[in-house]
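Pasted below: query_15.txt, compact mmCIF, C-alpha atoms and all ligand atoms.
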# COMPACT_ATOMS: atom_id res chain seq x y z
CA ILE A 25 20.03 3.19 2.49
CA THR A 26 20.61 -0.45 3.39
CA VAL A 27 19.54 -3.36 1.21
CA ARG A 28 19.43 -6.67 3.10
CA ILE A 29 18.93 -10.05 1.45
CA LYS A 30 18.98 -13.28 3.44
CA ASP A 31 19.49 -15.59 0.44
CA PRO A 32 21.03 -13.65 -2.48
CA GLU A 33 21.31 -16.73 -4.74
CA ARG A 34 17.61 -17.47 -4.36
CA VAL A 35 16.74 -13.84 -5.15
CA ALA A 36 18.97 -13.87 -8.25
CA GLY A 37 17.29 -17.12 -9.36
CA ILE A 38 13.78 -15.64 -9.00
CA ILE A 39 14.74 -12.51 -10.96
CA ARG A 40 16.31 -14.59 -13.75
CA ALA A 41 13.24 -16.84 -13.91
CA MET A 42 10.97 -13.78 -14.16
CA LYS A 43 12.97 -12.48 -17.09
CA GLU A 44 12.81 -15.87 -18.83
CA GLN A 45 9.02 -16.13 -18.29
CA GLY A 46 8.55 -12.83 -20.08
CA THR A 47 6.65 -9.59 -19.72
CA HIS A 48 3.21 -11.14 -20.39
CA LYS A 49 3.52 -13.30 -17.24
CA LEU A 50 4.47 -10.46 -14.90
CA GLN A 51 2.34 -8.39 -12.51
CA VAL A 52 3.23 -6.07 -9.64
CA ILE A 53 1.10 -6.18 -6.49
CA SER A 54 1.77 -3.28 -4.17
CA ASP A 55 0.66 -1.73 -0.94
CA PHE A 56 0.21 2.06 -1.10
CA ASP A 57 0.79 3.94 2.19
CA MET A 58 4.45 3.99 3.18
CA THR A 59 5.31 1.68 0.26
CA LEU A 60 4.54 3.71 -2.87
CA SER A 61 4.24 6.81 -0.70
CA ARG A 62 7.12 8.00 1.48
CA PHE A 63 7.44 7.26 5.19
CA GLY A 64 9.43 10.39 6.03
CA CYS A 65 9.80 13.81 4.49
CA ASN A 66 12.22 16.44 5.84
CA GLY A 67 12.68 14.66 9.15
CA ARG A 68 8.93 14.29 9.76
CA ARG A 69 6.44 11.49 9.17
CA CYS A 70 4.60 11.71 5.86
CA PRO A 71 0.85 11.30 6.09
CA THR A 72 -0.99 8.11 5.20
CA SER A 73 -4.11 8.45 3.05
CA HIS A 74 -6.16 8.37 6.26
CA ASN A 75 -3.94 11.04 7.87
CA ILE A 76 -4.45 13.31 4.85
CA LEU A 77 -8.16 13.43 5.67
CA ASP A 78 -7.65 13.46 9.45
CA ASN A 79 -5.40 16.54 9.26
CA SER A 80 -7.37 18.44 6.66
CA ARG A 81 -9.31 21.63 7.15
CA VAL A 82 -12.60 19.80 6.39
CA VAL A 83 -12.38 17.96 9.74
CA SER A 84 -13.39 19.87 12.88
CA GLU A 85 -10.81 20.52 15.60
CA GLU A 86 -12.55 18.07 17.91
CA GLY A 87 -12.70 15.46 15.13
CA ARG A 88 -8.97 15.91 14.46
CA ARG A 89 -8.19 15.45 18.15
CA GLN A 90 -10.22 12.24 18.34
CA LEU A 91 -8.65 10.82 15.17
CA LYS A 92 -5.18 11.62 16.53
CA ASP A 93 -6.01 9.88 19.81
CA LEU A 94 -7.04 6.78 17.84
CA LEU A 95 -3.77 6.88 15.88
CA HIS A 96 -1.68 7.17 19.05
CA TYR A 97 -3.53 4.30 20.68
CA TYR A 98 -3.75 1.83 17.78
CA TYR A 99 -0.62 2.45 15.64
CA PRO A 100 1.77 1.05 18.32
CA ILE A 101 -0.46 -2.04 18.41
CA GLU A 102 -0.35 -2.35 14.60
CA ILE A 103 3.46 -2.51 14.54
CA ASP A 104 4.02 -4.30 17.88
CA PRO A 105 6.27 -7.29 17.05
CA LYS A 106 5.28 -9.00 20.32
CA ARG A 107 1.58 -9.33 19.47
CA THR A 108 0.23 -12.06 17.19
CA LEU A 109 -1.82 -11.30 14.07
CA GLU A 110 -4.80 -13.02 15.75
CA GLU A 111 -4.52 -10.55 18.62
CA LYS A 112 -4.14 -7.58 16.30
CA ARG A 113 -6.97 -8.29 13.82
CA PRO A 114 -10.00 -7.38 16.01
CA LEU A 115 -8.16 -4.28 17.25
CA MET A 116 -7.47 -3.13 13.70
CA VAL A 117 -11.18 -3.58 12.82
CA GLU A 118 -11.93 -1.45 15.90
CA TRP A 119 -9.51 1.30 14.78
CA TRP A 120 -10.67 1.49 11.16
CA SER A 121 -14.37 1.34 12.19
CA LYS A 122 -14.03 4.14 14.75
CA ALA A 123 -12.01 6.32 12.35
CA HIS A 124 -14.45 5.78 9.46
CA GLU A 125 -17.37 6.56 11.78
CA LEU A 126 -15.74 9.81 12.89
CA LEU A 127 -14.87 10.83 9.32
CA SER A 128 -18.43 10.06 8.21
CA GLN A 129 -19.76 12.64 10.69
CA GLN A 130 -17.68 15.46 9.17
CA LYS A 131 -19.84 16.21 6.10
CA ILE A 132 -16.83 15.84 3.81
CA LEU A 133 -17.60 16.71 0.18
CA LYS A 134 -16.44 14.55 -2.72
CA SER A 135 -15.59 17.74 -4.58
CA ASP A 136 -13.16 18.76 -1.79
CA ILE A 137 -10.87 15.76 -2.29
CA PRO A 138 -8.55 17.21 -4.98
CA GLN A 139 -7.92 20.28 -2.80
CA ILE A 140 -7.42 18.19 0.36
CA VAL A 141 -4.74 16.14 -1.43
CA ARG A 142 -3.09 19.23 -2.96
CA GLU A 143 -2.82 20.89 0.47
CA SER A 144 -1.36 17.78 2.16
CA ASP A 145 2.31 16.88 2.72
CA VAL A 146 2.02 13.52 0.97
CA MET A 147 4.89 12.49 -1.32
CA LEU A 148 5.36 9.44 -3.50
CA ARG A 149 8.75 7.73 -3.21
CA ASP A 150 11.48 9.04 -5.49
CA GLY A 151 11.43 7.11 -8.76
CA PHE A 152 7.64 6.62 -8.70
CA ASP A 153 7.32 8.06 -12.22
CA GLU A 154 9.89 5.63 -13.62
CA LEU A 155 8.06 2.72 -11.95
CA PHE A 156 4.55 3.66 -13.12
CA ASN A 157 5.66 4.68 -16.60
CA ARG A 158 7.76 1.56 -17.24
CA LEU A 159 4.96 -0.78 -16.11
CA HIS A 160 2.57 1.11 -18.39
CA LYS A 161 4.98 0.98 -21.33
CA TYR A 162 5.34 -2.80 -21.03
CA ASN A 163 1.64 -3.38 -20.26
CA VAL A 164 2.39 -4.91 -16.88
CA PRO A 165 -0.58 -4.68 -14.47
CA LEU A 166 0.03 -2.75 -11.27
CA PHE A 167 -2.42 -3.88 -8.65
CA ILE A 168 -2.55 -1.57 -5.62
CA PHE A 169 -4.03 -3.32 -2.58
CA SER A 170 -4.43 -0.80 0.19
CA ALA A 171 -5.96 -0.55 3.63
CA GLY A 172 -5.91 3.22 3.15
CA VAL A 173 -8.60 5.38 1.58
CA GLY A 174 -9.10 4.56 -2.12
CA ASP A 175 -10.54 7.96 -3.12
CA ILE A 176 -7.53 9.75 -1.61
CA LEU A 177 -4.82 7.50 -2.98
CA GLU A 178 -6.37 7.52 -6.47
CA GLU A 179 -6.30 11.33 -6.34
CA ILE A 180 -2.61 11.29 -5.30
CA ILE A 181 -1.73 9.10 -8.27
CA ARG A 182 -3.90 11.23 -10.58
CA GLN A 183 -2.21 14.46 -9.46
CA ALA A 184 1.18 12.82 -10.05
CA ASN A 185 0.06 12.11 -13.64
CA VAL A 186 0.70 8.38 -13.41
CA PHE A 187 -2.81 6.92 -13.11
CA HIS A 188 -2.38 4.84 -16.28
CA PRO A 189 -4.93 2.25 -17.47
CA ASN A 190 -2.76 -0.66 -16.20
CA VAL A 191 -3.24 0.56 -12.59
CA ASN A 192 -6.03 -1.01 -10.54
CA VAL A 193 -6.86 -0.29 -6.93
CA VAL A 194 -8.65 -2.29 -4.25
CA SER A 195 -9.05 -0.24 -1.08
CA ASN A 196 -11.55 1.36 1.31
CA TYR A 197 -13.82 3.62 -0.73
CA MET A 198 -16.00 6.43 0.57
CA ASP A 199 -19.74 6.27 0.03
CA PHE A 200 -21.23 9.68 -0.87
CA ASP A 201 -24.93 10.59 -0.99
CA ASP A 202 -26.64 12.25 -3.98
CA ASN A 203 -25.35 15.65 -2.83
CA GLY A 204 -21.76 14.40 -2.77
CA VAL A 205 -21.55 14.32 1.04
CA LEU A 206 -19.64 11.46 2.73
CA ARG A 207 -22.11 9.20 4.56
CA ARG A 208 -20.13 6.01 5.24
CA PHE A 209 -17.37 3.82 3.86
CA LYS A 210 -18.17 0.95 1.51
CA ALA A 211 -17.70 -2.67 2.54
CA PRO A 212 -15.58 -4.72 2.80
CA LEU A 213 -13.42 -3.01 5.38
CA ILE A 214 -9.76 -3.54 4.51
CA HIS A 215 -7.27 -3.20 7.35
CA THR A 216 -3.57 -4.03 7.60
CA TYR A 217 -4.13 -7.68 8.48
CA ASN A 218 -6.92 -8.86 6.15
CA LYS A 219 -5.19 -8.04 2.86
CA ASN A 220 -5.74 -11.47 1.40
CA ASN A 221 -8.08 -13.67 -0.57
CA SER A 222 -10.98 -13.11 1.84
CA VAL A 223 -11.27 -9.56 0.48
CA LEU A 224 -10.21 -10.27 -3.11
CA ARG A 225 -12.22 -13.40 -3.91
CA ASP A 226 -15.07 -11.45 -5.46
CA THR A 227 -13.14 -8.82 -7.36
CA GLU A 228 -13.34 -9.49 -11.07
CA TYR A 229 -10.06 -7.77 -11.77
CA PHE A 230 -8.11 -10.13 -9.54
CA GLN A 231 -9.52 -13.18 -11.34
CA GLN A 232 -8.31 -11.76 -14.65
CA LEU A 233 -4.77 -11.72 -13.37
CA SER A 234 -4.51 -15.43 -12.65
CA ALA A 235 -2.41 -15.97 -15.80
CA ARG A 236 0.21 -13.53 -14.52
CA THR A 237 2.20 -16.05 -12.53
CA SER A 238 5.35 -13.98 -11.96
CA ILE A 239 4.76 -11.52 -9.15
CA ILE A 240 6.74 -8.69 -7.66
CA LEU A 241 5.14 -7.89 -4.31
CA LEU A 242 5.87 -4.57 -2.59
CA GLY A 243 4.91 -3.96 1.02
CA ASP A 244 5.88 -2.39 4.30
CA SER A 245 4.14 -4.54 6.88
CA MET A 246 3.78 -8.19 7.79
CA GLY A 247 0.14 -7.86 6.65
CA ASP A 248 1.24 -7.13 3.08
CA LEU A 249 2.81 -10.57 2.67
CA THR A 250 -0.56 -12.21 1.94
CA MET A 251 -1.58 -9.77 -0.81
CA ALA A 252 -0.83 -12.33 -3.57
CA ASP A 253 -2.44 -15.30 -1.83
CA GLY A 254 -5.40 -15.36 -4.20
CA VAL A 255 -3.28 -15.82 -7.34
CA PRO A 256 -3.44 -19.50 -8.30
CA SER A 257 -0.29 -21.33 -9.46
CA VAL A 258 2.24 -18.59 -8.70
CA GLU A 259 5.50 -19.58 -10.40
CA ASN A 260 7.86 -16.84 -9.24
CA ILE A 261 7.27 -14.37 -6.46
CA LEU A 262 9.73 -11.76 -5.23
CA LYS A 263 8.71 -10.05 -2.00
CA ILE A 264 10.30 -6.66 -1.44
CA GLY A 265 9.70 -5.04 1.95
CA PHE A 266 10.29 -1.47 3.09
CA LEU A 267 11.27 -1.59 6.75
CA ASN A 268 10.31 1.92 7.84
CA ASP A 269 9.81 1.87 11.58
CA LYS A 270 11.32 0.08 14.62
CA VAL A 271 14.08 -1.07 12.28
CA GLU A 272 16.36 -2.88 14.77
CA GLU A 273 13.46 -4.61 16.50
CA GLN A 274 11.79 -5.85 13.34
CA ARG A 275 14.82 -6.64 11.14
CA GLU A 276 14.98 -10.40 11.74
CA ARG A 277 11.26 -10.91 11.17
CA TYR A 278 11.36 -8.89 7.96
CA LEU A 279 14.41 -10.79 6.70
CA ASP A 280 12.61 -14.09 7.31
CA ALA A 281 9.46 -12.89 5.56
CA TYR A 282 10.67 -10.68 2.69
CA ASP A 283 13.23 -11.70 0.04
CA VAL A 284 14.64 -8.17 -0.13
CA VAL A 285 14.46 -5.74 2.81
CA LEU A 286 15.03 -2.02 2.25
CA GLU A 287 15.94 0.02 5.31
CA SER A 288 15.79 3.82 5.45
CA ASP A 289 15.11 3.93 1.74
CA GLU A 290 12.68 6.60 0.53
CA THR A 291 13.19 5.62 -3.11
CA LEU A 292 11.95 3.01 -5.54
CA ASP A 293 15.45 2.66 -7.02
CA VAL A 294 15.91 -1.02 -6.13
CA VAL A 295 12.51 -1.94 -7.56
CA ASN A 296 13.22 0.10 -10.70
CA GLY A 297 16.63 -1.60 -11.10
CA ILE A 298 15.01 -5.06 -10.96
CA LEU A 299 12.28 -4.04 -13.42
CA ARG A 300 14.84 -2.54 -15.80
CA PHE A 301 16.57 -5.93 -15.89
CA VAL A 302 13.40 -8.05 -16.11
CA LEU A 303 11.68 -5.93 -18.75
CA THR A 304 14.45 -5.33 -21.25
CA GLU A 305 15.65 -7.79 -23.85
CA THR A 306 19.30 -8.72 -23.31
N1 LIG B 401 -7.44 5.51 10.74
C1 LIG B 401 -6.30 5.04 10.25
C2 LIG B 401 -6.16 3.71 9.90
C3 LIG B 401 -4.96 3.28 9.38
N2 LIG B 401 -3.94 4.13 9.21
C4 LIG B 401 -2.67 3.72 8.64
O1 LIG B 401 -2.82 3.56 7.26
C5 LIG B 401 -2.05 2.49 6.78
C6 LIG B 401 -2.86 1.95 5.64
O2 LIG B 401 -2.53 0.70 5.27
P1 LIG B 401 -1.74 0.23 3.94
O3 LIG B 401 -2.17 -1.17 3.83
O4 LIG B 401 -2.15 1.04 2.75
O5 LIG B 401 -0.30 0.41 4.30
C7 LIG B 401 -1.85 1.55 7.97
O6 LIG B 401 -0.54 1.08 8.01
C8 LIG B 401 -2.16 2.43 9.20
O7 LIG B 401 -1.04 2.71 9.99
C9 LIG B 401 -4.10 5.45 9.55
O8 LIG B 401 -3.14 6.25 9.38
N3 LIG B 401 -5.27 5.89 10.08
Mind converting the file's structure to structure tokens?
Amino acid sequence: ITVRIKDPERVAGIIRAMKEQGTHKLQVISDFDMTLSRFGCNGRRCPTSHNILDNSRVVSEEGRRQLKDLLHYYYPIEIDPKRTLEEKRPLMVEWWSKAHELLSQQKILKSDIPQIVRESDVMLRDGFDELFNRLHKYNVPLFIFSAGVGDILEEIIRQANVFHPNVNVVSNYMDFDDNGVLRRFKAPLIHTYNKNNSVLRDTEYFQQLSARTSIILLGDSMGDLTMADGVPSVENILKIGFLNDKVEEQRERYLDAYDVVLESDETLDVVNGILRFVLTET
């Protein structure tokens, strides 16, 4: 595990200011896939919420092959440090749209979701229970903003027994017909690079959080950096980034963008350490 911080004094100042502002001013805004969930398990890649569906028994062999082809084509584009966000955005819309179209042809049942999640290899990062339980205990909102599949990630959190009332999710949700069969995905489409105010503007929940002006932001991609853009008058924001892939190539960019960069870290220990300090009276 390597923790890298470009400006340690600035980071210490933000954390101190958060503690002074108090619990009632704090919120955590977090990405889900590869941020709250693990990137690697036992030397292999852990699945994203999309992958959980893609690899499940409810998808035909041909469907699985096509979804894998999409992943192999578009994922390198998603993380390519040489392409601009402007270049990537239309391609991400293309990927998500094609994948959602394919999944919508598979007659997936809503009632199958708990089993699909149970049979998958997904794992939350070590220390997830401490994180969720502490935020719940201190009534700190945890806002999960994900370009994954909302129905799947909610089920993961539910099965881990940490879907507390302070947790709210904005993500891509499946649209089932009256028989509980997946027909399409609901709008708006959220992909890695539109996680910002354009999607959040109309969500009531986000408006309610405008008084929470101290923010801990957790992400794993450059697209996650804009997740708090809709919060007016942010006073303190600490951006913590998990650098999971292409570590050497992306290090400098991550260090410029995130206040704290965690390399090869499958835990939430650093985040929990900060929260322990911010949320206890000393
Ligand atoms: N069909 C797809 C589309 C996207 N992904 C990956 O899921 C991640 C979801 O985004 P978060 O904002 O929750 O991190 C994204 O990074 C894509 O790589 C996928 O696996 N299949």
Within 6 Å of ligand LIG 401 (chain B), counting all atoms listed in the file, residues as a PyMOL selection string: chain A and resi 55-57+72+74-75+99+120+123+170-172+216
Proximity to Asn218 in chain A - best of A:Thr47, A:Ser234, A:Asn260, A:Ser195, all atoms listed in the file: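 Closest to Asn218 in chain A of all the choices is A:Ser195.
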Selected residue, from A:Thr227, A:Thr237, A:Ser73, A:Asn203, that lies nearest to Glu178 in chain A when counting all atoms listed in the file: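 Closest candidate: A:Ser73.
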Residues near Asp145 in chain A, cut-off 8 Å, all atoms listed in the file, skip fewer than 2 positions along chain, as a PyMOL selection string: chain A and resi 70-71+76+143+147
Keeping C-alpha atoms for every residue in the selection just given, could you write it to a file as a PDB file, keeping the file's coordinate frame?
ATOM      1  CA  CYS A  70       4.600  11.710   5.860  1.00  0.00           C
ATOM      2  CA  PRO A  71       0.850  11.300   6.090  1.00  0.00           C
ATOM      3  CA  ILE A  76      -4.450  13.310   4.850  1.00  0.00           C
ATOM      4  CA  GLU A 143      -2.820  20.890   0.470  1.00  0.00           C
ATOM      5  CA  MET A 147       4.890  12.490  -1.320  1.00  0.00           C
TER       6      MET A 147
END
Å distance separating CA of Phe187 in chain A from CA of Asn163 in chain A, one decimal place: 13.3 Å
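Nearest residue to Phe230 in chain A, choosing from A:Glu273, A:Asp248, A:Glu102, A:Asp253 and counting all atoms listed in the file: A:Asp253.
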Shortest interatomic distance to Glu290 in chain A - which of A:Leu303, A:Leu126, A:Leu148, A:Leu95, counting only C-alpha atoms: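 Of the candidates, the smallest distance to Glu290 in chain A is held by A:Leu148.
The two atoms in question, CA of Lys122 in chain A and CA of Ile180 in chain A, are spaced 24.2 Å apart.
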One-decimal distance in Å that lies between CA of Phe152 in chain A and CA of Met42 in chain A: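 These atoms are spaced 21.4 Å apart.
If you measure from each of A:Asn79, A:Asn190, A:Thr108, A:Ser54 to Lys263 in chain A using all atoms listed in the file, the closest one turns out to be A:Ser54.
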For Tyr197 in chain A: contacts at 6 Å, only C-alpha atoms, fewer than 6 positions along chain excluded, given as a ChimeraX atom specification: /A:173-175,209-210
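Of the listed residues (A:Gly87, A:Gly204, A:Pro114, A:Pro105), A:Pro105 comes nearest to Val271 in chain A; the distances count all atoms listed in the file.
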Residue contacts of Glu276 in chain A (12 Å, only C-alpha atoms) excluding same-chain residues fewer than 6 positions away, as a ChimeraX atom specification: /A:28-30,105,267,270,282-283,285
Would you put the residues from that selection into a file with C-alpha atoms, as a tab-separated table (two decimals), in the frame of the given file?
chain	number	residue	atom	x	y	z
A	28	ARG	CA	19.43	-6.67	3.10
A	29	ILE	CA	18.93	-10.05	1.45
A	30	LYS	CA	18.98	-13.28	3.44
A	105	PRO	CA	6.27	-7.29	17.05
A	267	LEU	CA	11.27	-1.59	6.75
A	270	LYS	CA	11.32	0.08	14.62
A	282	TYR	CA	10.67	-10.68	2.69
A	283	ASP	CA	13.23	-11.70	0.04
A	285	VAL	CA	14.46	-5.74	2.81
Contacts of Thr304 in chain A at 10 Å (only C-alpha atoms; same-chain gap of 3+ positions) as a list in words: Lys43, Gly46, Thr47, Tyr162, Leu299, Arg300 and Phe301 of chain A
Expected answer as a ChimeraX atom specification: all residues with atoms within 12 Å of (-2.9, -8.4, 14.7), only C-alpha atoms: /A:98-119,215-218,245-247
Can you spit out the residues from that selection as a PDB file, keeping the file's coordinate frame, using C-alpha atoms?
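New file out_16.pdb:
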ATOM      1  CA  TYR A  98      -3.750   1.830  17.780  1.00  0.00           C
ATOM      2  CA  TYR A  99      -0.620   2.450  15.640  1.00  0.00           C
ATOM      3  CA  PRO A 100       1.770   1.050  18.320  1.00  0.00           C
ATOM      4  CA  ILE A 101      -0.460  -2.040  18.410  1.00  0.00           C
ATOM      5  CA  GLU A 102      -0.350  -2.350  14.600  1.00  0.00           C
ATOM      6  CA  ILE A 103       3.460  -2.510  14.540  1.00  0.00           C
ATOM      7  CA  ASP A 104       4.020  -4.300  17.880  1.00  0.00           C
ATOM      8  CA  PRO A 105       6.270  -7.290  17.050  1.00  0.00           C
ATOM      9  CA  LYS A 106       5.280  -9.000  20.320  1.00  0.00           C
ATOM     10  CA  ARG A 107       1.580  -9.330  19.470  1.00  0.00           C
ATOM     11  CA  THR A 108       0.230 -12.060  17.190  1.00  0.00           C
ATOM     12  CA  LEU A 109      -1.820 -11.300  14.070  1.00  0.00           C
ATOM     13  CA  GLU A 110      -4.800 -13.020  15.750  1.00  0.00           C
ATOM     14  CA  GLU A 111      -4.520 -10.550  18.620  1.00  0.00           C
ATOM     15  CA  LYS A 112      -4.140  -7.580  16.300  1.00  0.00           C
ATOM     16  CA  ARG A 113      -6.970  -8.290  13.820  1.00  0.00           C
ATOM     17  CA  PRO A 114     -10.000  -7.380  16.010  1.00  0.00           C
ATOM     18  CA  LEU A 115      -8.160  -4.280  17.250  1.00  0.00           C
ATOM     19  CA  MET A 116      -7.470  -3.130  13.700  1.00  0.00           C
ATOM     20  CA  VAL A 117     -11.180  -3.580  12.820  1.00  0.00           C
ATOM     21  CA  GLU A 118     -11.930  -1.450  15.900  1.00  0.00           C
ATOM     22  CA  TRP A 119      -9.510   1.300  14.780  1.00  0.00           C
ATOM     23  CA  HIS A 215      -7.270  -3.200   7.350  1.00  0.00           C
ATOM     24  CA  THR A 216      -3.570  -4.030   7.600  1.00  0.00           C
ATOM     25  CA  TYR A 217      -4.130  -7.680   8.480  1.00  0.00           C
ATOM     26  CA  ASN A 218      -6.920  -8.860   6.150  1.00  0.00           C
ATOM     27  CA  SER A 245       4.140  -4.540   6.880  1.00  0.00           C
ATOM     28  CA  MET A 246       3.780  -8.190   7.790  1.00  0.00           C
ATOM     29  CA  GLY A 247       0.140  -7.860   6.650  1.00  0.00           C
TER      30      GLY A 247
END
Using 8 Å of padding on each side, determine the axis-aligned box around all atoms of range 31-46 of chain A present in the file and give its centre and edge lengths in Å to one decimal, as lines of an AutoDock Vina configuration file.
center_x = 14.9
center_y = -15.0
center_z = -9.8
size_x = 28.8
size_y = 21.0
size_z = 36.5
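Within 8 Å of Ser128 in chain A, once all atoms listed in the file are used and residues closer than 4 positions along the same chain are dropped, the contacting residues are A:His124, A:Ile132, A:Leu206, A:Arg207, A:Arg208, A:Phe209.
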